[in-house]
Each structure stands twice: as C-alpha cells, then as structure tokens.
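**Student:** The file below is coords.tsv, TSV, C-alpha atoms:
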chain	number	residue	atom	x	y	z
F	1	MET	CA	6.51	-9.27	0.21
F	2	LYS	CA	3.81	-8.29	2.70
F	3	PHE	CA	2.22	-11.02	4.80
F	4	ALA	CA	-0.42	-11.53	7.45
F	5	TRP	CA	-0.92	-13.55	10.60
F	6	ILE	CA	-4.41	-14.46	11.76
F	7	ASP	CA	-5.12	-14.10	15.49
F	8	LEU	CA	-7.59	-16.81	16.52
F	9	ARG	CA	-7.73	-15.94	20.21
F	10	THR	CA	-10.86	-13.79	20.01
F	11	VAL	CA	-12.58	-15.51	17.07
F	12	PRO	CA	-16.07	-16.75	18.09
F	13	GLN	CA	-16.05	-20.52	18.62
F	14	ASP	CA	-18.73	-21.12	16.00
F	15	LYS	CA	-16.58	-19.28	13.40
F	16	LEU	CA	-13.24	-20.80	14.36
F	17	GLU	CA	-13.19	-23.74	11.95
F	18	SER	CA	-14.20	-21.62	8.94
F	19	VAL	CA	-11.62	-18.93	9.81
F	20	VAL	CA	-8.85	-21.54	10.07
F	21	ASP	CA	-9.95	-23.06	6.74
F	22	ALA	CA	-9.89	-19.60	5.14
F	23	ALA	CA	-6.40	-18.93	6.52
F	24	ILE	CA	-5.18	-22.22	5.04
F	25	HIS	CA	-6.92	-21.65	1.71
F	26	THR	CA	-5.49	-18.13	1.29
F	27	ARG	CA	-2.03	-19.31	2.43
F	28	MET	CA	-1.77	-16.85	5.27
F	29	ARG	CA	1.78	-16.85	6.60
F	30	GLY	CA	0.86	-17.71	10.18
F	31	VAL	CA	-1.87	-18.37	12.72
F	32	LEU	CA	-1.65	-17.17	16.33
F	33	SER	CA	-3.44	-19.26	18.94
F	34	ASP	CA	-3.14	-20.25	22.60
F	35	ASP	CA	-4.60	-23.67	21.75
F	36	GLU	CA	-1.72	-26.04	21.04
F	37	SER	CA	-4.05	-28.55	19.33
F	38	VAL	CA	-5.07	-25.93	16.76
F	39	LEU	CA	-1.45	-25.13	15.96
F	40	LYS	CA	-0.50	-28.81	15.64
F	41	ALA	CA	-3.32	-29.41	13.16
F	42	LEU	CA	-2.07	-26.76	10.73
F	43	PRO	CA	-0.57	-27.88	7.41
F	44	PRO	CA	3.10	-27.12	6.63
F	45	THR	CA	2.06	-24.15	4.49
F	46	VAL	CA	0.88	-22.19	7.57
F	47	THR	CA	3.10	-21.48	10.57
F	48	GLY	CA	1.76	-21.81	14.09
F	49	VAL	CA	2.72	-18.60	15.90
F	50	THR	CA	3.42	-18.04	19.58
F	51	THR	CA	4.36	-14.72	21.17
F	52	THR	CA	6.09	-13.57	24.34
F	53	PRO	CA	5.34	-10.18	25.92
F	54	VAL	CA	8.47	-7.98	25.95
F	55	THR	CA	8.61	-5.46	28.77
F	56	ASP	CA	12.36	-4.93	29.10
F	57	GLU	CA	15.29	-4.72	26.69
F	58	LYS	CA	17.11	-7.40	28.69
F	59	GLN	CA	14.61	-9.95	27.34
F	60	LEU	CA	15.60	-9.32	23.73
F	61	HIS	CA	18.68	-11.55	23.89
F	62	GLY	CA	16.98	-14.44	25.64
F	63	LEU	CA	13.97	-15.06	23.41
F	64	ASP	CA	13.60	-18.29	21.45
F	65	ALA	CA	14.20	-17.59	17.74
F	66	ASP	CA	10.87	-19.30	16.92
F	67	THR	CA	8.90	-16.98	19.21
F	68	ALA	CA	7.78	-13.51	18.24
F	69	GLY	CA	8.24	-10.69	20.70
F	70	TRP	CA	5.12	-8.70	21.56
F	71	VAL	CA	5.37	-5.02	22.56
F	72	ASP	CA	2.47	-2.81	23.62
F	73	VAL	CA	3.28	0.82	22.78
F	74	HIS	CA	1.51	3.40	24.92
F	75	ASP	CA	4.23	5.90	25.89
F	76	GLU	CA	7.78	6.95	25.05
F	77	PRO	CA	9.62	4.19	27.00
F	78	SER	CA	7.50	1.46	25.37
F	79	LEU	CA	8.09	3.08	21.98
F	80	ARG	CA	11.86	2.91	22.56
F	81	LEU	CA	11.45	-0.75	23.53
F	82	ALA	CA	9.53	-1.46	20.31
F	83	CYS	CA	12.31	0.15	18.27
F	84	ALA	CA	14.93	-1.96	20.00
F	85	ALA	CA	12.90	-5.15	19.56
F	86	ALA	CA	12.32	-4.47	15.86
F	87	VAL	CA	16.08	-4.20	15.39
F	88	ALA	CA	17.07	-7.20	17.54
F	89	LEU	CA	14.38	-9.82	16.96
F	90	PRO	CA	13.47	-11.92	13.88
F	91	PHE	CA	9.76	-11.12	14.44
F	92	THR	CA	8.27	-8.30	16.50
F	93	VAL	CA	4.54	-7.79	17.00
F	94	VAL	CA	3.63	-4.26	18.00
F	95	ARG	CA	0.25	-3.06	19.25
F	96	PHE	CA	-0.19	0.71	19.41
F	97	ALA	CA	-2.60	2.17	21.96
F	98	ASP	CA	-3.25	5.43	20.08
F	99	PRO	CA	-4.79	5.88	16.61
F	100	THR	CA	-1.97	8.11	15.30
F	101	LYS	CA	0.50	6.36	12.98
F	102	ILE	CA	3.48	8.49	14.09
F	103	PRO	CA	4.76	5.83	16.56
F	104	LEU	CA	4.64	3.25	13.74
F	105	GLU	CA	6.62	5.62	11.53
F	106	ILE	CA	9.28	5.90	14.25
F	107	VAL	CA	9.57	2.11	14.64
F	108	LEU	CA	9.76	1.63	10.87
F	109	ALA	CA	12.51	4.24	10.63
F	110	ALA	CA	14.45	2.69	13.51
F	111	ALA	CA	14.29	-0.79	11.97
F	112	ASP	CA	14.81	0.30	8.38
F	113	ARG	CA	18.09	-1.60	7.87
F	114	SER	CA	17.41	-4.53	10.16
F	115	GLU	CA	16.62	-8.06	8.95
F	116	GLY	CA	13.75	-8.57	11.37
F	117	LYS	CA	10.09	-8.44	10.42
F	118	LEU	CA	7.68	-5.96	12.00
F	119	ILE	CA	4.08	-7.12	12.42
F	120	THR	CA	1.50	-4.50	13.38
F	121	VAL	CA	-1.73	-5.35	15.19
F	122	CYS	CA	-4.70	-3.94	13.26
F	123	ALA	CA	-8.24	-3.54	14.53
F	124	ASP	CA	-9.86	-3.93	11.12
F	125	LEU	CA	-9.23	-4.09	7.37
F	126	GLU	CA	-9.34	-0.32	6.98
F	127	GLU	CA	-6.50	0.10	9.46
F	128	ALA	CA	-4.58	-2.72	7.76
F	129	ALA	CA	-4.73	-0.88	4.43
F	130	THR	CA	-3.30	2.24	6.07
F	131	VAL	CA	-0.57	0.39	7.96
F	132	LEU	CA	0.68	-1.30	4.78
F	133	ASP	CA	1.43	2.13	3.26
F	134	VAL	CA	2.98	4.05	6.17
F	135	LEU	CA	6.22	5.81	5.09
F	136	GLU	CA	5.69	4.30	1.60
F	137	ARG	CA	7.15	1.09	3.06
F	138	GLY	CA	4.53	-0.03	5.52
F	139	SER	CA	4.68	-2.74	8.12
F	140	ASP	CA	6.15	-6.06	6.95
F	141	GLY	CA	3.16	-7.92	8.31
F	142	ILE	CA	-0.35	-7.51	9.68
F	143	LEU	CA	-1.88	-9.28	12.68
F	144	LEU	CA	-5.67	-9.32	12.41
F	145	ALA	CA	-8.28	-10.98	14.59
F	146	PRO	CA	-11.12	-11.53	12.08
F	147	SER	CA	-14.74	-11.93	13.07
F	148	ASN	CA	-15.44	-14.36	10.23
F	149	ALA	CA	-13.86	-16.12	7.23
F	150	GLY	CA	-14.91	-13.33	4.87
F	151	GLU	CA	-12.49	-10.95	6.55
F	152	VAL	CA	-9.65	-13.42	5.97
F	153	PHE	CA	-10.39	-13.51	2.24
F	154	ALA	CA	-10.67	-9.70	2.17
F	155	LEU	CA	-7.28	-9.42	3.88
F	156	ALA	CA	-5.76	-11.75	1.28
F	157	ARG	CA	-7.10	-9.52	-1.50
F	158	LEU	CA	-5.65	-6.48	0.26
F	159	LEU	CA	-2.20	-8.08	0.37
F	160	GLU	CA	-2.41	-8.81	-3.37
F	161	ALA	CA	-3.50	-5.29	-4.26
F	162	GLY	CA	-0.39	-4.31	-6.20
F	163	THR	CA	-0.61	-3.34	-9.88
F	164	ALA	CA	1.02	-5.49	-12.54
F	165	PRO	CA	3.37	-4.04	-15.18
F	166	LEU	CA	2.09	-3.49	-18.72
F	167	ASN	CA	3.68	-4.50	-22.00
F	168	LEU	CA	3.88	-1.16	-23.80
F	169	THR	CA	4.21	-1.00	-27.56
F	170	THR	CA	5.79	1.51	-29.94
F	171	LEU	CA	3.26	3.39	-32.05
F	172	THR	CA	4.07	5.26	-35.24
F	173	VAL	CA	2.27	8.56	-35.85
F	174	ASP	CA	0.14	8.56	-39.03
F	175	GLY	CA	-1.11	12.13	-38.82
F	176	ILE	CA	-2.33	15.11	-36.82
F	177	GLU	CA	-5.69	16.81	-37.37
F	178	HIS	CA	-6.51	20.20	-35.84
F	179	HIS	CA	-10.05	20.91	-34.66
F	180	GLY	CA	-12.03	23.72	-33.13
F	181	LEU	CA	-13.15	24.20	-29.56
F	182	GLY	CA	-13.94	21.24	-27.29
F	183	ASP	CA	-13.71	20.19	-23.66
F	184	ARG	CA	-10.54	18.65	-22.29
F	185	VAL	CA	-9.70	17.23	-18.86
F	186	CYS	CA	-6.62	17.83	-16.71
F	187	VAL	CA	-6.17	15.03	-14.17
F	188	ASP	CA	-4.59	16.40	-10.98
F	189	THR	CA	-3.39	13.64	-8.67
F	190	CYS	CA	-2.20	13.54	-5.07
F	191	SER	CA	1.17	12.12	-6.19
F	192	HIS	CA	4.35	13.44	-7.74
F	193	PHE	CA	4.92	11.94	-11.21
F	194	ALA	CA	8.40	10.94	-12.33
F	195	GLU	CA	9.73	12.46	-15.56
F	196	ASP	CA	8.94	9.32	-17.57
F	197	GLU	CA	5.49	8.74	-16.03
F	198	GLY	CA	2.02	9.60	-17.19
F	199	ILE	CA	-1.37	7.98	-17.76
F	200	LEU	CA	-2.70	5.94	-20.68
F	201	VAL	CA	-5.48	7.67	-22.62
F	202	GLY	CA	-7.20	6.95	-25.92
F	203	SER	CA	-10.35	7.54	-27.96
F	204	TYR	CA	-10.71	3.81	-28.59
F	205	SER	CA	-10.89	1.26	-25.78
F	206	THR	CA	-8.42	-1.02	-27.54
F	207	GLY	CA	-5.55	1.46	-27.80
F	208	PHE	CA	-3.97	4.11	-25.56
F	209	ILE	CA	-1.14	6.65	-25.80
F	210	LEU	CA	1.06	7.46	-22.79
F	211	CYS	CA	0.27	11.08	-21.91
F	212	CYS	CA	3.09	12.89	-20.10
F	213	SER	CA	2.74	14.69	-16.79
F	214	GLU	CA	3.65	18.36	-16.44
F	215	THR	CA	6.87	17.41	-14.65
F	216	HIS	CA	9.12	18.87	-17.34
F	217	PRO	CA	9.88	22.63	-17.45
F	218	LEU	CA	7.52	24.84	-19.42
F	219	PRO	CA	7.89	28.44	-20.60
F	220	TYR	CA	5.79	31.10	-18.87
F	221	MET	CA	4.52	28.79	-16.13
F	222	PRO	CA	5.82	26.59	-13.29
F	223	THR	CA	5.85	22.81	-13.52
F	224	ARG	CA	2.91	20.94	-12.04
F	225	PRO	CA	4.30	17.48	-11.38
F	226	PHE	CA	0.96	16.20	-10.09
F	227	ARG	CA	-0.92	16.96	-13.35
F	228	VAL	CA	-1.55	15.24	-16.66
F	229	ASN	CA	-3.25	17.28	-19.40
F	230	ALA	CA	-4.93	14.11	-20.51
F	231	GLY	CA	-7.35	14.66	-23.38
F	232	ALA	CA	-10.90	15.31	-24.47
F	233	LEU	CA	-13.63	14.40	-22.01
F	234	HIS	CA	-14.90	11.41	-24.07
F	235	SER	CA	-11.52	9.64	-23.87
F	236	TYR	CA	-10.87	6.38	-22.10
F	237	VAL	CA	-8.24	6.29	-19.34
F	238	LEU	CA	-6.79	2.99	-18.19
F	239	GLY	CA	-7.06	2.37	-14.45
F	240	PRO	CA	-6.22	-0.43	-12.02
F	241	ASP	CA	-7.53	-3.97	-12.56
F	242	ASN	CA	-7.76	-3.51	-16.35
F	243	ARG	CA	-10.72	-1.18	-15.83
F	244	THR	CA	-11.28	1.92	-17.94
F	245	ASN	CA	-13.15	5.11	-17.20
F	246	TYR	CA	-14.10	8.04	-19.36
F	247	LEU	CA	-12.11	11.12	-18.41
F	248	SER	CA	-15.46	12.78	-17.73
F	249	GLU	CA	-16.12	10.24	-14.96
F	250	LEU	CA	-13.00	10.92	-12.89
F	251	ARG	CA	-13.64	12.50	-9.51
F	252	ALA	CA	-11.65	13.61	-6.46
F	253	GLY	CA	-10.93	10.63	-4.25
F	254	GLY	CA	-10.94	8.16	-7.14
F	255	THR	CA	-7.96	6.20	-8.41
F	256	THR	CA	-6.19	6.01	-11.74
F	257	LEU	CA	-3.03	4.30	-12.95
F	258	ALA	CA	0.38	5.96	-13.29
F	259	VAL	CA	2.51	4.22	-15.94
F	260	ASP	CA	6.19	4.80	-16.74
F	261	ALA	CA	8.12	4.29	-19.96
F	262	GLU	CA	9.12	0.75	-18.90
F	263	GLY	CA	5.51	-0.25	-18.27
F	264	ARG	CA	5.75	-0.18	-14.47
F	265	THR	CA	2.48	0.88	-12.86
F	266	ARG	CA	1.18	2.22	-9.57
F	267	PRO	CA	-2.24	3.42	-8.41
F	268	VAL	CA	-2.50	7.16	-7.75
F	269	MET	CA	-5.28	9.02	-6.01
F	270	ILE	CA	-7.12	11.71	-7.95
F	271	GLY	CA	-7.25	15.07	-6.20
F	272	ARG	CA	-9.21	16.90	-8.89
F	273	ALA	CA	-10.40	16.51	-12.48
F	274	LYS	CA	-10.46	19.89	-14.23
F	275	LEU	CA	-12.58	20.28	-17.37
F	276	GLU	CA	-12.17	23.39	-19.55
F	277	SER	CA	-12.93	24.35	-23.15
F	278	ARG	CA	-9.84	24.53	-25.37
F	279	PRO	CA	-8.92	24.06	-29.06
F	280	LEU	CA	-8.30	20.37	-29.74
F	281	LEU	CA	-6.21	18.20	-32.06
F	282	THR	CA	-6.32	14.47	-32.78
F	283	ILE	CA	-3.25	12.22	-32.97
F	284	THR	CA	-3.66	9.09	-35.10
F	285	ALA	CA	-1.01	6.41	-34.69
F	286	ARG	CA	-0.56	2.77	-35.63
F	287	SER	CA	0.95	-0.25	-33.89
F	288	PRO	CA	3.35	-2.68	-35.63
F	289	GLU	CA	0.36	-5.05	-35.99
F	290	GLY	CA	-1.67	-2.36	-37.75
F	291	THR	CA	-3.98	-1.43	-34.86
F	292	VAL	CA	-5.09	2.20	-35.15
F	293	VAL	CA	-4.87	4.28	-31.97
F	294	SER	CA	-6.45	7.70	-31.63
F	295	LEU	CA	-6.10	10.41	-29.01
F	296	THR	CA	-7.69	13.86	-28.92
F	297	VAL	CA	-5.91	16.41	-26.73
F	298	GLN	CA	-5.64	20.16	-26.22
F	299	ASP	CA	-4.05	21.85	-29.24
F	300	ASP	CA	-1.16	23.51	-27.43
F	301	TRP	CA	2.61	23.15	-27.41
F	302	HIS	CA	2.82	22.43	-23.66
F	303	VAL	CA	0.70	19.27	-23.94
F	304	ARG	CA	3.06	16.33	-24.24
F	305	VAL	CA	3.14	12.58	-24.89
F	306	LEU	CA	5.93	10.09	-24.24
F	307	GLY	CA	8.00	8.11	-26.71
F	308	PRO	CA	10.41	5.17	-26.39
F	309	GLY	CA	12.99	5.62	-23.64
F	310	GLY	CA	10.86	8.28	-21.99
F	311	SER	CA	11.44	10.84	-24.76
F	312	VAL	CA	9.08	13.82	-24.50
F	313	HIS	CA	7.08	15.07	-27.52
F	314	ASN	CA	5.08	18.29	-27.73
F	315	VAL	CA	1.83	17.35	-29.46
F	316	THR	CA	1.82	20.36	-31.81
F	317	GLU	CA	5.24	19.33	-33.18
F	318	LEU	CA	4.41	15.69	-33.93
F	319	ARG	CA	4.97	14.55	-37.51
F	320	PRO	CA	4.13	11.35	-39.40
F	321	GLY	CA	6.74	8.73	-38.59
F	322	ASP	CA	7.37	9.91	-35.01
F	323	GLU	CA	7.33	7.10	-32.44
F	324	LEU	CA	5.18	7.14	-29.30
F	325	LEU	CA	4.60	4.75	-26.43
F	326	GLY	CA	1.20	3.13	-26.17
F	327	TYR	CA	-0.71	0.15	-24.90
F	328	LEU	CA	-3.00	-2.19	-26.82
F	329	ALA	CA	-5.92	-3.86	-25.05
F	330	THR	CA	-7.44	-6.91	-26.71
F	331	ASP	CA	-10.94	-6.63	-25.20
F	332	GLN	CA	-13.83	-4.33	-25.94
F	333	ARG	CA	-15.42	-2.52	-23.00
F	334	HIS	CA	-18.80	-2.37	-21.34
F	335	VAL	CA	-19.09	0.22	-18.53
F	336	GLY	CA	-15.31	0.05	-18.27
F	337	PHE	CA	-15.02	-3.71	-17.86
F	338	PRO	CA	-13.34	-5.89	-20.52
F	339	ILE	CA	-15.87	-7.99	-22.43
F	340	GLY	CA	-15.56	-10.38	-25.36
F	341	GLU	CA	-18.19	-8.95	-27.71
F	342	PHE	CA	-18.19	-7.41	-31.15
F	343	CYS	CA	-17.73	-3.64	-31.11
F	344	ARG	CA	-16.36	-1.24	-33.71
F	345	GLU	CA	-15.00	2.17	-32.76
F	346	GLN	CA	-14.07	4.67	-35.48
If you took the structure in this file and wrote it as structure tokens, what would it be?
**Tutor:**
Amino acid sequence: MKFAWIDLRTVPQDKLESVVDAAIHTRMRGVLSDDESVLKALPPTVTGVTTTPVTDEKQLHGLDADTAGWVDVHDEPSLRLACAAAVALPFTVVRFADPTKIPLEIVLAAADRSEGKLITVCADLEEAATVLDVLERGSDGILLAPSNAGEVFALARLLEAGTAPLNLTTLTVDGIEHHGLGDRVCVDTCSHFAEDEGILVGSYSTGFILCCSETHPLPYMPTRPFRVNAGALHSYVLGPDNRTNYLSELRAGGTTLAVDAEGRTRPVMIGRAKLESRPLLTITARSPEGTVVSLTVQDDWHVRVLGPGGSVHNVTELRPGDELLGYLATDQRHVGFPIGEFCREQ
C-alpha cells in the first residue's frame, strides 16, 4: 500500500493550518516538521515524523528505530549509501539531485527484498506520479512539501488511483449476423497484454463483451500482444472510473482499461487507434438475467473474444449457445458518464 508524508518545513505560514487539516482529513501516513508543538498536536491517525541525515554507513546501526534516515543522492558514493540505508533501516528518505530516475531504480532493486520502506522526495505531483510507477513497483512512499491544502487532496487522489476489479458475467451467444463494409478500430496500447486479457467493448452502454488481444498465435502473421482488434467505430469501450468512450474517440496518449478473465483491471496507455474499412459481423448475446449485449467487429477469423476461464473464440466460428465473458453496467451514459435517466438502445 503506497503512502505519503507531508513536509511542513517550507509550507507558507498562512497556509500551514489548512495543510495540516488536509493531511489529517486525508489520513496521510505522516507529517514531517521541525516544530515539536505541531507534531504533538497531531491525532493518533497521523504520525509525527523526524529525520536524521545519513552521511556514513556507520550511522545505520545507531539510528533510533522511530527516526527515518535521510540520504541526499548526488554521486555514486551517496547512491551506494542510499542502497545500504534502504536495506538496513525501517524508513529511508531519499532525495535525488538529478532528474533521471535511474538512481531510484538502483535503490529499489537493491532494497527489493528488504522490509524497510523507501520514501522518495518529490518536487511536485507530476514527479510523484512518476515515482510511484518506477520499475512497476515504485517507491513505497512519497514526501511532498505542498504549497497549499489542494495539493494534499490531489496527492491523496493520486495514491488512490488504482482500478477496482469488475464482476464479469457469462453471456450466451444468441446469433451472428454478417454485414458488408464498415469501419473498425484496432486499439494499440503501450503495454503487453496477458493471454487472458483484453478490453470490454459493446454496441450498447449497458453491456460489453471481453475482446481478446492479439497475444495468441495467428497464421500468416506475427502476434501483436499490444493490440486489440476491438470493433466498429461506434462501439463503447469501458475505461477507468466507470467512464466509457466511443472507439472513434480514442487517441494516442489516452488511457483505456485492460481486463482479464477474472475481472482484474489495470489502466493502459493508448499508443495508437487505427481505423480501417473491413467487412463486419455482429455478435448478439444474452446474460442470465436476459440483458441483450451486442458487439460489431471485423468479420475475420483472427478477431477473437474471450470466454469463461480465458478460453479464446474466433468470432467467425461462434455458434448459438457458446459462452462468452462480458460485463453488465446498470447505468445509461451521457458523454461517457453514468447517468440515471431513461434511454433505450436497440
């Protein structure tokens, strides 16, 4: 679980009270201050933090367990010291002089199996977002000196920015209808999909089918594990925060949601959305509750959807009675946001 400490030492005096209140309200893990009265006034839910500069490995065995070690990394010897501190101490705060994240990667690798927590000093929220993802593990904690209470609340939202799992349902295929030419979208991401991962796409905003990535071998062409041949351009795709987009709206640099056969999710960055004209077919399926789900995709054998257990189905070979994985959303949509209004899609 990622956490943050708030550094009060450079907060403007007229903002100090509101920043402390924000830290308490958002349940920040700790507050760093040189003012003992500020630390004593904190509630039990927030830890008062003190640090000791570490300049030599001999100090590592003499530090109080309640005090975090602080290492400034600006060259190779100080980097080695940070690695040693991260292994030896319960809490190590590291401030890196240079903008490159390679020194942080080295410290994370060195401390990978240690029980201590690494806290990285960040200049702003943008750097904090990057630090939390370095080496796919990120720093255990962030130390930020905010300029106002709003930055504390923004940091709290950043720490909560994971994606929740979805309760997928089993859909039963009713039928397949072949059409003529139309435009379909391939979603090329900047991530490698697992074999049981894809994205949720549907013609109706209340129902989606799990479209498979091109991770599985294909005849006549190499695999493209970053790609999902997703569907016709009018289709909805489910993204983070229960927000939908039309496939036609996806752009490089945007984000969509990768979903696996167990319903686990993760945000993935879009590298390209590729629209081309191809023959299309429509899959119609039904949930156990009777909800009709529709998906229009390219009419070709190599386009695939996922079934229970991560089974892979070529869309041109689907037959009535086949089972697919899908997701049912209870809300209608307005510009992608869920809304409780009457709407019929057919």
**Student:** Which one of F:Gln13, F:Ser277, F:Thr45, F:Thr284 sits closest to His25 (chain F) if you count only C-alpha atoms?
**Tutor:**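 Selected residue with least distance to His25 (chain F): F:Thr45.
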**Student:** Using only C-alpha atoms, which of the listed residues (F:Ala156, F:Arg272, F:Leu181, F:Val305) sits closest to Ala230 (chain F)?
**Tutor:**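 Smallest distance to Ala230 (chain F) is found for F:Val305.
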**Student:** Using all atoms listed in the file, which residues sit within 8 Å of Asp260 (chain F) once same-chain residues fewer than 5 positions away are excluded, as a tab-separated table (two decimals) with C-alpha atoms, in the coordinates of the input?
**Tutor:**
chain	number	residue	atom	x	y	z
F	194	ALA	CA	8.40	10.94	-12.33
F	196	ASP	CA	8.94	9.32	-17.57
F	197	GLU	CA	5.49	8.74	-16.03
F	198	GLY	CA	2.02	9.60	-17.19
F	265	THR	CA	2.48	0.88	-12.86
F	310	GLY	CA	10.86	8.28	-21.99
**Student:** Looking at F:Val228, F:Ala154, F:Val94, F:Leu63, which one is nearest to His192 (chain F), with distances taken over all atoms listed in the file?
**Tutor:** F:Val228
**Student:** Just the residues within 9 Å of Ser287 (chain F), please, counting all atoms listed in the file, with nothing from its chain fewer than 2 positions along; format it as a list of chain:residue names.
**Tutor:**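 So the residues in contact are F:Thr169, F:Thr170, F:Leu171, F:Thr172, F:Ala285, F:Glu289, F:Gly290, F:Thr291, F:Val292, F:Val293, F:Gly326, F:Leu328.
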**Student:** So that I can see what lies close to region 64-77 of chain F, please list as a ChimeraX atom specification the residues with an atom at most 12 Å from it, counting only C-alpha atoms and leaving out residues fewer than 3 positions away in the same chain.
**Tutor:** /F:5,30,32,47-57,59-61,80-104,106-107,116-121,143
**Student:** Have a look at F:Glu160, F:Glu195, F:Asp241, F:Glu249 and name the one nearest to Leu306 (chain F); count all atoms listed in the file.
**Tutor:**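 Nearest candidate to Leu306 (chain F) out of F:Glu160, F:Glu195, F:Asp241, F:Glu249: F:Glu195.
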**Student:** Please determine an axis-aligned box that encloses all atoms of region 114-130 of chain F listed in the file, with 3 Å added on each side, and express its centre and edge lengths in Å to one decimal as AutoDock Vina command-line options.
**Tutor:**
--center_x 3.8 --center_y -3.2 --center_z 9.8 --size_x 33.3 --size_y 16.8 --size_z 16.8
**Student:** Taking into account only C-alpha atoms, which residue in the set F:Pro146, F:Gly263, F:Gly254, F:Pro12 is nearest to Leu210 (chain F)?
**Tutor:** F:Gly263
**Student:** As number ranges by chain, please: the residues near region 231-238 of chain F (cut-off 6 Å, only C-alpha atoms, same-chain neighbours under 6 positions excluded).
**Tutor:** F: 183-185, 200-203, 244-248, 296-297
**Student:** What gap, in Å, lies between CA of Leu125 (chain F) and CA of Pro165 (chain F)?
**Tutor:**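 About the pair CA of Leu125 (chain F) and CA of Pro165 (chain F): they are 25.8 Å apart.
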**Student:** From the list F:His178, F:Lys274, F:His302, F:Arg9, which residue is nearest Leu39 (chain F) when using only C-alpha atoms?
**Tutor:**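 Ranking F:His178, F:Lys274, F:His302, F:Arg9 by distance to Leu39 (chain F), first place goes to F:Arg9.
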**Student:** Between CA of Ile176 (chain F) and CA of Ser294 (chain F), what distance in Å does the model show, to one decimal?
**Tutor:**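 Taking CA of Ile176 (chain F) as the start and CA of Ser294 (chain F) as the end point, the length is 9.9 Å.
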**Student:** Would you list the residues near (-6.6, 19.4, -41.0), meaning any protein, DNA or RNA residue with an atom at most 12 Å from that point in file coordinates, counting all atoms listed in the file, as JSON, numbers by chain?
**Tutor:** {"F": [175, 176, 177, 178, 179, 180, 280, 281, 282, 283]}
**Student:** Tell me, as a PyMOL selection string, which residues lie within 12 Å of Val312 (chain F), counting only C-alpha atoms; anything in the same chain fewer than 4 positions away does not count.
**Tutor:** chain F and resi 195-198+210-217+261+301-308+317-318+322-325
**Student:** At what distance in Å, to one decimal, does CA of Ala22 (chain F) lie from CA of Ala123 (chain F)?
**Tutor:**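 Straight-line distance from CA of Ala123 (chain F) to CA of Ala22 (chain F) works out to 18.7 Å.
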